Every structure is written in structure tokens, then in C-alpha cells.
Amino acid sequence: MGREQLSVVVTTFNSAGTLDACLRSVAWADEIVVLDSGSTDATVAIAAHHGARIHTQPFAGYSAQKQAAIDLASHRWVLLLDSDESLDADAAVPLQQALRAPAQAGYQLWRREWQFWRWQSRRGRLNHYVRLFDRQRARMSGHEVHESVLVDGPVGVLDVVIDHYGEPDIAGRVAKANRYSTLQLADLDGRQVGWLRLRMVAYPAVAFLRYYLLRGHWRSGWAGFIAARIHAFYAFLKYAKLYEQRRRQQG
């Protein structure tokens, strides 16, 4: 029995350090589409080496760039990956099985995080995201950061793990928290100043406990503790920056 044809879609910018592993992990796909936003390193050459169909356009924002890449796919079914992600070695079989007769409009995949010098413990809670979907029934959310795939129809979960390398060190993780907290101001717009004060005081502690204890990052030792503290710092920054913005608007 045949299966649905699959387009793997990846957006890139100076992704030479991780793109080879990403594309090697999906070498079995029917098509690889790479949308680059002006890389100056070996990103485009790596994509070409893997036989990807390469397009270029200026960066339009995380959500819009990914939607543009999805729209370039030739096939109805799309697997969306970041350039610093790769599928684990056992992923091809369940993905191909799901594509033989898709029972859902989209599927969530699990994601395992690299934490500075080690992988997060598999005994901890892995996040899951919609990454395999029928593009005729799906679209990107439009958020400035933490963009997601919205599916018009039922969504299932596959026993497939994406390895996410992300930022390789603490400095990179902190820089990302600073950058993302600024970008997220547009998505947080509408909160009142009094509510923001409470958020600044209480939410970082809640974010730390949820990330460290409930998601099980305590199982990853000091790497998990540091990641949880940076996550809490990010939770503080986004509301502190919105508070600052509101105070300036009020004069």
C-alpha cells in the first residue's frame, strides 16, 4: 500500500552548524524545501548537497517565514522542522506508517531539548508540537514568537522524537530570552499596569516551579536547574518590558 508524498520544510539563516544533521535525518522524504533568509555561511551549500529545493527571501518574522516555506511545498503533507532540529533514528517508520492512510489532519511529535552539555532526561516531560500536517487544513498561528501550527481538524500524537539542539551554551540561551521577550510584546499587548506588577512579582516563581518540578527538568541535574532559572528570567523579562512600555506610553 502506498503512502502520501511528504515535503520536509525547513527555514534557515546561518544554520551550517546544525543543518547537515537535520537534513540527513529526513533523507527518506520525497522532497526537502529550504527557505533561506540570506545566509553568509555554508548553509545553502549544505542544503544543495542534500538535494533540497532552495528558495531565498528576506526574513519576514518567524511565523510568516515558516508559512511562506510551507506554501512552497509541492506535496499536501508537510513535516515542518527548524534547522537546529533533527529526527531521531527511529522516526522514519512511524512517520511513513502514519502517511499510508492518515487518520488525522495533523500529528504532534515529541521534542527533546539539548541543555548546555547534555540532553534533557527522557524521564522528564517532553513538549509536543504539531509538525506533521495536511497543509490544506493547516496554517501558522501568526505569533511573533512561539509560533505554532493551527490545524482545522483532528490532531493525533505520534511516538516520534525531535532532537532540538537550540542554543549551545548559557550565554546563547540568555540572549534568546532577551530577544524573544522583546518580540513577544506585540502578543502580550492589552494587559493593565496593575496586572503587570503582579505578573512581574509572582509569575517567574510559578514558571520556575512548573518547568523544574512539573516538567521534570530536575532529573537533568544542574543543566535542568540552570535551564529552569533562565526560563523564569524570561518570564520576568517579558512582563517587565511590557510594564516599561506602558509607563512610557503614559508619560
# chains A, B, ... in the order shown; residues from 1 in each chain; ligands from 1
>>> select_by_dssp(residues="stretch 16-225 of chain A", states="alpha helix (DSSP H)", output="PyMOL selection string")
chain A and resi 16-24+43-49+62-71+92-100+170-183+185-188+193-209+221-225
>>> select_by_dssp(residues="stretch 112-152 of chain A", states="strand (DSSP E or B)", output="ChimeraX atom specification")
/A:112-115,118-119,127-134,138-140,149-151
>>> write_last_selection(atoms="N, CA and C atoms", output="PDB file, in the first residue's frame")
ATOM      1  N   ARG A 112      12.822  16.698  22.330  1.00  0.00           N
ATOM      2  CA  ARG A 112      13.807  16.576  23.406  1.00  0.00           C
ATOM      3  C   ARG A 112      14.820  17.708  23.282  1.00  0.00           C
ATOM      4  N   GLU A 113      15.113  18.381  24.398  1.00  0.00           N
ATOM      5  CA  GLU A 113      15.944  19.579  24.385  1.00  0.00           C
ATOM      6  C   GLU A 113      17.383  19.291  24.813  1.00  0.00           C
ATOM      7  N   TRP A 114      18.320  19.878  24.067  1.00  0.00           N
ATOM      8  CA  TRP A 114      19.711  19.890  24.494  1.00  0.00           C
ATOM      9  C   TRP A 114      19.883  20.987  25.536  1.00  0.00           C
ATOM     10  N   GLN A 115      20.418  20.638  26.696  1.00  0.00           N
ATOM     11  CA  GLN A 115      20.578  21.603  27.780  1.00  0.00           C
ATOM     12  C   GLN A 115      22.063  21.785  28.084  1.00  0.00           C
ATOM     13  N   ARG A 118      24.201  18.435  27.941  1.00  0.00           N
ATOM     14  CA  ARG A 118      23.562  17.124  27.974  1.00  0.00           C
ATOM     15  C   ARG A 118      22.138  17.235  27.436  1.00  0.00           C
ATOM     16  N   TRP A 119      21.591  16.071  27.039  1.00  0.00           N
ATOM     17  CA  TRP A 119      20.182  16.033  26.683  1.00  0.00           C
ATOM     18  C   TRP A 119      19.334  16.009  27.947  1.00  0.00           C
ATOM     19  N   ASN A 127       8.018  18.210  25.630  1.00  0.00           N
ATOM     20  CA  ASN A 127       6.985  19.004  24.974  1.00  0.00           C
ATOM     21  C   ASN A 127       6.577  18.324  23.666  1.00  0.00           C
ATOM     22  N   HIS A 128       5.405  18.656  23.173  1.00  0.00           N
ATOM     23  CA  HIS A 128       4.969  18.119  21.889  1.00  0.00           C
ATOM     24  C   HIS A 128       4.322  19.215  21.053  1.00  0.00           C
ATOM     25  N   TYR A 129       4.558  19.155  19.758  1.00  0.00           N
ATOM     26  CA  TYR A 129       4.116  20.197  18.836  1.00  0.00           C
ATOM     27  C   TYR A 129       3.592  19.555  17.555  1.00  0.00           C
ATOM     28  N   VAL A 130       2.629  20.219  16.920  1.00  0.00           N
ATOM     29  CA  VAL A 130       2.162  19.773  15.612  1.00  0.00           C
ATOM     30  C   VAL A 130       3.251  20.075  14.590  1.00  0.00           C
ATOM     31  N   ARG A 131       3.789  19.032  13.968  1.00  0.00           N
ATOM     32  CA  ARG A 131       4.840  19.213  12.965  1.00  0.00           C
ATOM     33  C   ARG A 131       4.555  18.461  11.665  1.00  0.00           C
ATOM     34  N   LEU A 132       3.705  17.463  11.713  1.00  0.00           N
ATOM     35  CA  LEU A 132       3.302  16.725  10.515  1.00  0.00           C
ATOM     36  C   LEU A 132       1.829  17.040  10.268  1.00  0.00           C
ATOM     37  N   PHE A 133       1.525  17.547   9.071  1.00  0.00           N
ATOM     38  CA  PHE A 133       0.152  18.025   8.859  1.00  0.00           C
ATOM     39  C   PHE A 133      -0.174  18.117   7.374  1.00  0.00           C
ATOM     40  N   ASP A 134      -1.474  18.099   7.119  1.00  0.00           N
ATOM     41  CA  ASP A 134      -2.029  18.353   5.801  1.00  0.00           C
ATOM     42  C   ASP A 134      -2.064  19.869   5.619  1.00  0.00           C
ATOM     43  N   ALA A 138      -4.157  23.446   7.412  1.00  0.00           N
ATOM     44  CA  ALA A 138      -3.328  23.968   8.495  1.00  0.00           C
ATOM     45  C   ALA A 138      -2.710  25.305   8.092  1.00  0.00           C
ATOM     46  N   ARG A 139      -2.333  26.079   9.094  1.00  0.00           N
ATOM     47  CA  ARG A 139      -1.666  27.360   8.867  1.00  0.00           C
ATOM     48  C   ARG A 139      -0.868  27.717  10.110  1.00  0.00           C
ATOM     49  N   MET A 140       0.107  28.612   9.951  1.00  0.00           N
ATOM     50  CA  MET A 140       0.860  29.102  11.097  1.00  0.00           C
ATOM     51  C   MET A 140       0.018  30.090  11.895  1.00  0.00           C
ATOM     52  N   VAL A 149       1.556  25.584  14.668  1.00  0.00           N
ATOM     53  CA  VAL A 149       0.719  25.181  13.538  1.00  0.00           C
ATOM     54  C   VAL A 149      -0.703  24.991  14.040  1.00  0.00           C
ATOM     55  N   LEU A 150      -1.638  25.690  13.424  1.00  0.00           N
ATOM     56  CA  LEU A 150      -3.055  25.550  13.745  1.00  0.00           C
ATOM     57  C   LEU A 150      -3.698  24.643  12.708  1.00  0.00           C
ATOM     58  N   VAL A 151      -4.398  23.622  13.163  1.00  0.00           N
ATOM     59  CA  VAL A 151      -4.946  22.606  12.271  1.00  0.00           C
ATOM     60  C   VAL A 151      -6.468  22.644  12.313  1.00  0.00           C
TER      61      VAL A 151
END
>>> residues_around(residues="stretch 222-237 of chain A", least_positions_apart="6", cutoff="9 Å", atoms="only C-alpha atoms", output="short mmCIF file (atom, residue, chain, number, x, y, z; two decimals) with N, CA and C atoms, in the first residue's frame")
data_model
loop_
_atom_site.label_atom_id
_atom_site.label_comp_id
_atom_site.auth_asym_id
_atom_site.auth_seq_id
_atom_site.Cartn_x
_atom_site.Cartn_y
_atom_site.Cartn_z
N GLN A 115 20.42 20.64 26.70
CA GLN A 115 20.58 21.60 27.78
C GLN A 115 22.06 21.79 28.08
N PHE A 116 22.69 22.66 27.32
CA PHE A 116 24.05 23.14 27.55
C PHE A 116 25.13 22.08 27.35
N TRP A 117 25.10 21.00 28.10
CA TRP A 117 26.11 19.95 27.95
C TRP A 117 25.52 18.54 27.97
N ARG A 118 24.20 18.43 27.94
CA ARG A 118 23.56 17.12 27.97
C ARG A 118 22.14 17.23 27.44
N TRP A 119 21.59 16.07 27.04
CA TRP A 119 20.18 16.03 26.68
C TRP A 119 19.33 16.01 27.95
N GLN A 120 18.15 16.63 27.86
CA GLN A 120 17.24 16.53 28.99
C GLN A 120 16.90 15.06 29.22
N SER A 121 16.61 14.71 30.45
CA SER A 121 16.30 13.33 30.79
C SER A 121 15.03 12.88 30.07
N ILE A 170 24.95 28.78 27.89
CA ILE A 170 24.11 29.64 28.73
C ILE A 170 23.98 31.03 28.14
N ARG A 173 21.42 31.04 25.45
CA ARG A 173 20.06 30.90 25.98
C ARG A 173 19.57 32.22 26.59
N VAL A 174 20.44 32.92 27.29
CA VAL A 174 20.07 34.21 27.87
C VAL A 174 19.80 35.24 26.77
N LYS A 176 18.76 34.65 23.80
CA LYS A 176 17.48 34.32 23.18
C LYS A 176 16.32 34.78 24.06
N ALA A 177 16.44 34.61 25.37
CA ALA A 177 15.39 35.09 26.28
C ALA A 177 15.21 36.59 26.15
N ASN A 178 16.31 37.31 26.01
CA ASN A 178 16.23 38.77 25.86
C ASN A 178 15.57 39.14 24.54
N TYR A 180 13.58 37.21 22.53
CA TYR A 180 12.19 36.75 22.45
C TYR A 180 11.26 37.58 23.33
N SER A 181 11.74 37.99 24.48
CA SER A 181 10.88 38.78 25.37
C SER A 181 10.54 40.13 24.75
N THR A 182 11.43 40.67 23.93
CA THR A 182 11.13 41.91 23.21
C THR A 182 10.12 41.65 22.09
N ARG A 199 2.20 40.16 37.80
CA ARG A 199 2.87 39.19 36.96
C ARG A 199 4.38 39.21 37.19
N MET A 200 4.97 40.40 37.26
CA MET A 200 6.42 40.51 37.47
C MET A 200 6.84 39.87 38.79
N VAL A 201 6.02 40.01 39.81
CA VAL A 201 6.37 39.50 41.13
C VAL A 201 6.15 37.99 41.23
N ALA A 202 4.99 37.52 40.76
CA ALA A 202 4.59 36.14 41.03
C ALA A 202 4.93 35.15 39.92
N TYR A 203 4.82 35.57 38.66
CA TYR A 203 4.89 34.60 37.59
C TYR A 203 6.26 33.94 37.41
N PRO A 204 7.38 34.66 37.61
CA PRO A 204 8.67 33.97 37.46
C PRO A 204 8.83 32.76 38.38
N ALA A 205 8.35 32.88 39.63
CA ALA A 205 8.44 31.74 40.54
C ALA A 205 7.56 30.59 40.07
N VAL A 206 6.36 30.92 39.59
CA VAL A 206 5.46 29.89 39.07
C VAL A 206 6.08 29.22 37.85
N ALA A 207 6.67 30.02 36.96
CA ALA A 207 7.29 29.47 35.75
C ALA A 207 8.44 28.55 36.11
N PHE A 208 9.25 28.94 37.09
CA PHE A 208 10.37 28.09 37.50
C PHE A 208 9.88 26.76 38.04
N LEU A 209 8.91 26.78 38.95
CA LEU A 209 8.42 25.55 39.57
C LEU A 209 7.75 24.63 38.55
N ARG A 210 7.00 25.22 37.63
CA ARG A 210 6.33 24.41 36.61
C ARG A 210 7.36 23.75 35.70
N TYR A 211 8.38 24.51 35.30
CA TYR A 211 9.40 23.98 34.39
C TYR A 211 10.30 22.97 35.10
N TYR A 212 10.72 23.30 36.32
CA TYR A 212 11.71 22.47 37.03
C TYR A 212 11.09 21.23 37.64
N GLY A 216 9.69 18.02 35.08
CA GLY A 216 10.70 17.03 35.39
C GLY A 216 12.12 17.39 35.01
#
>>> atom_distance(atom1="atom CA of A:Leu126", atom2="atom CA of A:Arg219")
12.2 Å
>>> atom_distance(atom1="atom CA of A:Ala42", atom2="atom CA of A:Trp110")
28.8 Å
>>> atom_distance(atom1="atom CA of A:Glu144", atom2="atom CA of A:Val26")
27.3 Å
>>> residues_around(residues="A:Val155", least_positions_apart="3", cutoff="6 Å", atoms="only C-alpha atoms", output="list in words")
Gln104, Ala105, Gly106 and Tyr107 of chain A
>>> write_last_selection(atoms="C-alpha atoms", output="PDB file, in the first residue's frame")
ATOM      1  CA  GLN A 104      -5.888  12.901  11.345  1.00  0.00           C
ATOM      2  CA  ALA A 105      -5.395  16.342   9.814  1.00  0.00           C
ATOM      3  CA  GLY A 106      -2.162  16.739  11.750  1.00  0.00           C
ATOM      4  CA  TYR A 107       0.122  14.989  14.217  1.00  0.00           C
TER       5      TYR A 107
END
>>> closest_residue(among="A:Trp218, A:Ala29, A:Ala171, A:Val10", to="A:Thr56", atoms="only C-alpha atoms")
A:Val10
>>> closest_atom_pairs(of="stretch 123-221 of chain A", to="stretch 89-103 of chain A", cutoff="9 Å", atoms="only C-alpha atoms", output="tab-separated table")
residue	atom	partner	partner_atom	distance
A:Leu132	CA	A:Leu95	CA	8.5
A:Pro154	CA	A:Ala103	CA	8.4
A:Val155	CA	A:Ala103	CA	8.9
A:Gly156	CA	A:Ala103	CA	8.3
A:Leu158	CA	A:Pro94	CA	7.2
A:Asp159	CA	A:Pro94	CA	7.2
A:Val160	CA	A:Ala91	CA	5.3
A:Val161	CA	A:Ala91	CA	7.0
A:Ile162	CA	A:Ala91	CA	8.5
>>> closest_residue(among="A:Asp30, A:Asp187, A:Asp36, A:Asp71", to="A:Gln136", atoms="only C-alpha atoms")
A:Asp71
>>> residues_around(residues="A:Pro58", least_positions_apart="6", cutoff="12 Å", atoms="only C-alpha atoms", output="JSON, numbers by chain")
{"A": [11, 12, 13, 35, 36, 37, 38, 39, 64, 65, 68]}
>>> closest_residue(among="A:Leu6, A:Tyr239, A:Ser148, A:Gly172", to="A:Arg76", atoms="only C-alpha atoms")
A:Leu6
>>> residues_around(residues="A:Ile70", least_positions_apart="3", cutoff="9 Å", atoms="only C-alpha atoms", output="PDB file with C-alpha atoms, in the first residue's frame")
ATOM      1  CA  SER A   7       7.563  17.535   1.795  1.00  0.00           C
ATOM      2  CA  VAL A   8      10.001  18.395   4.574  1.00  0.00           C
ATOM      3  CA  VAL A   9      10.117  22.164   5.074  1.00  0.00           C
ATOM      4  CA  VAL A  10      12.983  23.980   6.831  1.00  0.00           C
ATOM      5  CA  VAL A  33      12.301  22.526   0.770  1.00  0.00           C
ATOM      6  CA  GLN A  65       8.658  32.887   7.169  1.00  0.00           C
ATOM      7  CA  LYS A  66       7.519  29.385   8.038  1.00  0.00           C
ATOM      8  CA  GLN A  67       4.173  29.922   6.314  1.00  0.00           C
ATOM      9  CA  ALA A  73       5.905  22.653  -0.720  1.00  0.00           C
ATOM     10  CA  VAL A  78       4.332  18.578   5.266  1.00  0.00           C
ATOM     11  CA  LEU A  80       7.998  21.181   9.480  1.00  0.00           C
ATOM     12  CA  ARG A 135      -1.103  21.846   4.630  1.00  0.00           C
ATOM     13  CA  ARG A 139      -1.666  27.360   8.867  1.00  0.00           C
TER      14      ARG A 139
END
>>> decode(residues="stretch 119-169 of chain A", atoms="N, CA and C atoms", output="PDB file, in the first residue's frame")
ATOM      1  N   TRP A 119      21.591  16.071  27.039  1.00  0.00           N
ATOM      2  CA  TRP A 119      20.182  16.033  26.683  1.00  0.00           C
ATOM      3  C   TRP A 119      19.334  16.009  27.947  1.00  0.00           C
ATOM      4  N   GLN A 120      18.152  16.629  27.860  1.00  0.00           N
ATOM      5  CA  GLN A 120      17.239  16.526  28.990  1.00  0.00           C
ATOM      6  C   GLN A 120      16.901  15.056  29.219  1.00  0.00           C
ATOM      7  N   SER A 121      16.614  14.710  30.453  1.00  0.00           N
ATOM      8  CA  SER A 121      16.297  13.332  30.792  1.00  0.00           C
ATOM      9  C   SER A 121      15.030  12.876  30.074  1.00  0.00           C
ATOM     10  N   ARG A 122      15.063  11.681  29.505  1.00  0.00           N
ATOM     11  CA  ARG A 122      13.861  11.131  28.877  1.00  0.00           C
ATOM     12  C   ARG A 122      12.793  10.778  29.907  1.00  0.00           C
ATOM     13  N   ARG A 123      13.176  10.756  31.182  1.00  0.00           N
ATOM     14  CA  ARG A 123      12.190  10.514  32.239  1.00  0.00           C
ATOM     15  C   ARG A 123      11.425  11.784  32.588  1.00  0.00           C
ATOM     16  N   GLY A 124      11.925  12.921  32.102  1.00  0.00           N
ATOM     17  CA  GLY A 124      11.194  14.165  32.276  1.00  0.00           C
ATOM     18  C   GLY A 124      10.095  14.281  31.230  1.00  0.00           C
ATOM     19  N   ARG A 125       9.353  15.354  31.306  1.00  0.00           N
ATOM     20  CA  ARG A 125       8.228  15.559  30.394  1.00  0.00           C
ATOM     21  C   ARG A 125       8.719  16.254  29.131  1.00  0.00           C
ATOM     22  N   LEU A 126       8.526  15.602  27.983  1.00  0.00           N
ATOM     23  CA  LEU A 126       8.874  16.210  26.706  1.00  0.00           C
ATOM     24  C   LEU A 126       7.704  17.059  26.203  1.00  0.00           C
ATOM     25  N   ASN A 127       8.018  18.210  25.630  1.00  0.00           N
ATOM     26  CA  ASN A 127       6.985  19.004  24.974  1.00  0.00           C
ATOM     27  C   ASN A 127       6.577  18.324  23.666  1.00  0.00           C
ATOM     28  N   HIS A 128       5.405  18.656  23.173  1.00  0.00           N
ATOM     29  CA  HIS A 128       4.969  18.119  21.889  1.00  0.00           C
ATOM     30  C   HIS A 128       4.322  19.215  21.053  1.00  0.00           C
ATOM     31  N   TYR A 129       4.558  19.155  19.758  1.00  0.00           N
ATOM     32  CA  TYR A 129       4.116  20.197  18.836  1.00  0.00           C
ATOM     33  C   TYR A 129       3.592  19.555  17.555  1.00  0.00           C
ATOM     34  N   VAL A 130       2.629  20.219  16.920  1.00  0.00           N
ATOM     35  CA  VAL A 130       2.162  19.773  15.612  1.00  0.00           C
ATOM     36  C   VAL A 130       3.251  20.075  14.590  1.00  0.00           C
ATOM     37  N   ARG A 131       3.789  19.032  13.968  1.00  0.00           N
ATOM     38  CA  ARG A 131       4.840  19.213  12.965  1.00  0.00           C
ATOM     39  C   ARG A 131       4.555  18.461  11.665  1.00  0.00           C
ATOM     40  N   LEU A 132       3.705  17.463  11.713  1.00  0.00           N
ATOM     41  CA  LEU A 132       3.302  16.725  10.515  1.00  0.00           C
ATOM     42  C   LEU A 132       1.829  17.040  10.268  1.00  0.00           C
ATOM     43  N   PHE A 133       1.525  17.547   9.071  1.00  0.00           N
ATOM     44  CA  PHE A 133       0.152  18.025   8.859  1.00  0.00           C
ATOM     45  C   PHE A 133      -0.174  18.117   7.374  1.00  0.00           C
ATOM     46  N   ASP A 134      -1.474  18.099   7.119  1.00  0.00           N
ATOM     47  CA  ASP A 134      -2.029  18.353   5.801  1.00  0.00           C
ATOM     48  C   ASP A 134      -2.064  19.869   5.619  1.00  0.00           C
ATOM     49  N   ARG A 135      -1.235  20.387   4.729  1.00  0.00           N
ATOM     50  CA  ARG A 135      -1.103  21.846   4.630  1.00  0.00           C
ATOM     51  C   ARG A 135      -2.360  22.513   4.078  1.00  0.00           C
ATOM     52  N   GLN A 136      -3.253  21.725   3.475  1.00  0.00           N
ATOM     53  CA  GLN A 136      -4.513  22.301   3.014  1.00  0.00           C
ATOM     54  C   GLN A 136      -5.481  22.543   4.166  1.00  0.00           C
ATOM     55  N   ARG A 137      -5.161  21.974   5.331  1.00  0.00           N
ATOM     56  CA  ARG A 137      -6.020  22.157   6.505  1.00  0.00           C
ATOM     57  C   ARG A 137      -5.236  22.724   7.691  1.00  0.00           C
ATOM     58  N   ALA A 138      -4.157  23.446   7.412  1.00  0.00           N
ATOM     59  CA  ALA A 138      -3.328  23.968   8.495  1.00  0.00           C
ATOM     60  C   ALA A 138      -2.710  25.305   8.092  1.00  0.00           C
ATOM     61  N   ARG A 139      -2.333  26.079   9.094  1.00  0.00           N
ATOM     62  CA  ARG A 139      -1.666  27.360   8.867  1.00  0.00           C
ATOM     63  C   ARG A 139      -0.868  27.717  10.110  1.00  0.00           C
ATOM     64  N   MET A 140       0.107  28.612   9.951  1.00  0.00           N
ATOM     65  CA  MET A 140       0.860  29.102  11.097  1.00  0.00           C
ATOM     66  C   MET A 140       0.018  30.090  11.895  1.00  0.00           C
ATOM     67  N   SER A 141       0.285  30.181  13.189  1.00  0.00           N
ATOM     68  CA  SER A 141      -0.556  30.954  14.107  1.00  0.00           C
ATOM     69  C   SER A 141      -0.439  32.456  13.936  1.00  0.00           C
ATOM     70  N   GLY A 142       0.706  32.932  13.418  1.00  0.00           N
ATOM     71  CA  GLY A 142       0.888  34.370  13.264  1.00  0.00           C
ATOM     72  C   GLY A 142       1.542  35.054  14.444  1.00  0.00           C
ATOM     73  N   HIS A 143       1.855  34.330  15.516  1.00  0.00           N
ATOM     74  CA  HIS A 143       2.506  34.933  16.671  1.00  0.00           C
ATOM     75  C   HIS A 143       3.928  35.367  16.330  1.00  0.00           C
ATOM     76  N   GLU A 144       4.386  36.419  16.998  1.00  0.00           N
ATOM     77  CA  GLU A 144       5.743  36.905  16.771  1.00  0.00           C
ATOM     78  C   GLU A 144       6.777  35.868  17.205  1.00  0.00           C
ATOM     79  N   VAL A 145       6.551  35.232  18.339  1.00  0.00           N
ATOM     80  CA  VAL A 145       7.414  34.143  18.815  1.00  0.00           C
ATOM     81  C   VAL A 145       6.509  33.024  19.329  1.00  0.00           C
ATOM     82  N   HIS A 146       7.103  31.865  19.573  1.00  0.00           N
ATOM     83  CA  HIS A 146       6.340  30.690  19.999  1.00  0.00           C
ATOM     84  C   HIS A 146       5.204  30.406  19.023  1.00  0.00           C
ATOM     85  N   GLU A 147       5.516  30.599  17.743  1.00  0.00           N
ATOM     86  CA  GLU A 147       4.541  30.336  16.693  1.00  0.00           C
ATOM     87  C   GLU A 147       4.214  28.840  16.650  1.00  0.00           C
ATOM     88  N   SER A 148       3.025  28.530  16.227  1.00  0.00           N
ATOM     89  CA  SER A 148       2.602  27.129  16.198  1.00  0.00           C
ATOM     90  C   SER A 148       1.766  26.866  14.955  1.00  0.00           C
ATOM     91  N   VAL A 149       1.556  25.584  14.668  1.00  0.00           N
ATOM     92  CA  VAL A 149       0.719  25.181  13.538  1.00  0.00           C
ATOM     93  C   VAL A 149      -0.703  24.991  14.040  1.00  0.00           C
ATOM     94  N   LEU A 150      -1.638  25.690  13.424  1.00  0.00           N
ATOM     95  CA  LEU A 150      -3.055  25.550  13.745  1.00  0.00           C
ATOM     96  C   LEU A 150      -3.698  24.643  12.708  1.00  0.00           C
ATOM     97  N   VAL A 151      -4.398  23.622  13.163  1.00  0.00           N
ATOM     98  CA  VAL A 151      -4.946  22.606  12.271  1.00  0.00           C
ATOM     99  C   VAL A 151      -6.468  22.644  12.313  1.00  0.00           C
ATOM    100  N   ASP A 152      -7.073  22.648  11.145  1.00  0.00           N
ATOM    101  CA  ASP A 152      -8.531  22.580  11.028  1.00  0.00           C
ATOM    102  C   ASP A 152      -8.929  21.117  10.891  1.00  0.00           C
ATOM    103  N   GLY A 153      -9.071  20.454  12.029  1.00  0.00           N
ATOM    104  CA  GLY A 153      -9.408  19.037  12.015  1.00  0.00           C
ATOM    105  C   GLY A 153      -8.768  18.320  13.184  1.00  0.00           C
ATOM    106  N   PRO A 154      -8.976  17.016  13.281  1.00  0.00           N
ATOM    107  CA  PRO A 154      -8.449  16.257  14.411  1.00  0.00           C
ATOM    108  C   PRO A 154      -6.927  16.161  14.365  1.00  0.00           C
ATOM    109  N   VAL A 155      -6.331  16.115  15.559  1.00  0.00           N
ATOM    110  CA  VAL A 155      -4.870  16.046  15.700  1.00  0.00           C
ATOM    111  C   VAL A 155      -4.520  14.829  16.546  1.00  0.00           C
ATOM    112  N   GLY A 156      -3.572  14.029  16.070  1.00  0.00           N
ATOM    113  CA  GLY A 156      -3.100  12.880  16.812  1.00  0.00           C
ATOM    114  C   GLY A 156      -1.690  13.104  17.339  1.00  0.00           C
ATOM    115  N   VAL A 157      -1.168  12.109  18.010  1.00  0.00           N
ATOM    116  CA  VAL A 157       0.189  12.146  18.551  1.00  0.00           C
ATOM    117  C   VAL A 157       0.936  10.917  18.058  1.00  0.00           C
ATOM    118  N   LEU A 158       2.136  11.119  17.518  1.00  0.00           N
ATOM    119  CA  LEU A 158       2.972  10.011  17.064  1.00  0.00           C
ATOM    120  C   LEU A 158       4.124   9.808  18.041  1.00  0.00           C
ATOM    121  N   ASP A 159       4.546   8.581  18.154  1.00  0.00           N
ATOM    122  CA  ASP A 159       5.680   8.246  19.022  1.00  0.00           C
ATOM    123  C   ASP A 159       6.982   8.514  18.262  1.00  0.00           C
ATOM    124  N   VAL A 160       7.209   9.794  18.005  1.00  0.00           N
ATOM    125  CA  VAL A 160       8.384  10.262  17.255  1.00  0.00           C
ATOM    126  C   VAL A 160       9.022  11.393  18.043  1.00  0.00           C
ATOM    127  N   VAL A 161      10.338  11.358  18.166  1.00  0.00           N
ATOM    128  CA  VAL A 161      11.064  12.369  18.939  1.00  0.00           C
ATOM    129  C   VAL A 161      11.908  13.229  18.005  1.00  0.00           C
ATOM    130  N   ILE A 162      11.782  14.539  18.167  1.00  0.00           N
ATOM    131  CA  ILE A 162      12.651  15.507  17.504  1.00  0.00           C
ATOM    132  C   ILE A 162      13.721  15.922  18.500  1.00  0.00           C
ATOM    133  N   ASP A 163      14.971  15.851  18.099  1.00  0.00           N
ATOM    134  CA  ASP A 163      16.062  16.346  18.931  1.00  0.00           C
ATOM    135  C   ASP A 163      16.315  17.807  18.584  1.00  0.00           C
ATOM    136  N   HIS A 164      16.200  18.671  19.597  1.00  0.00           N
ATOM    137  CA  HIS A 164      16.354  20.118  19.395  1.00  0.00           C
ATOM    138  C   HIS A 164      17.639  20.583  20.070  1.00  0.00           C
ATOM    139  N   TYR A 165      18.582  21.044  19.238  1.00  0.00           N
ATOM    140  CA  TYR A 165      19.871  21.474  19.786  1.00  0.00           C
ATOM    141  C   TYR A 165      19.797  22.878  20.363  1.00  0.00           C
ATOM    142  N   GLY A 166      19.040  23.781  19.744  1.00  0.00           N
ATOM    143  CA  GLY A 166      18.850  25.114  20.288  1.00  0.00           C
ATOM    144  C   GLY A 166      20.156  25.850  20.521  1.00  0.00           C
ATOM    145  N   GLU A 167      20.213  26.581  21.627  1.00  0.00           N
ATOM    146  CA  GLU A 167      21.403  27.354  21.957  1.00  0.00           C
ATOM    147  C   GLU A 167      22.402  26.450  22.664  1.00  0.00           C
ATOM    148  N   PRO A 168      23.677  26.472  22.247  1.00  0.00           N
ATOM    149  CA  PRO A 168      24.641  25.513  22.789  1.00  0.00           C
ATOM    150  C   PRO A 168      25.178  25.872  24.166  1.00  0.00           C
ATOM    151  N   ASP A 169      24.928  27.095  24.642  1.00  0.00           N
ATOM    152  CA  ASP A 169      25.510  27.495  25.921  1.00  0.00           C
ATOM    153  C   ASP A 169      24.575  28.451  26.656  1.00  0.00           C
TER     154      ASP A 169
END
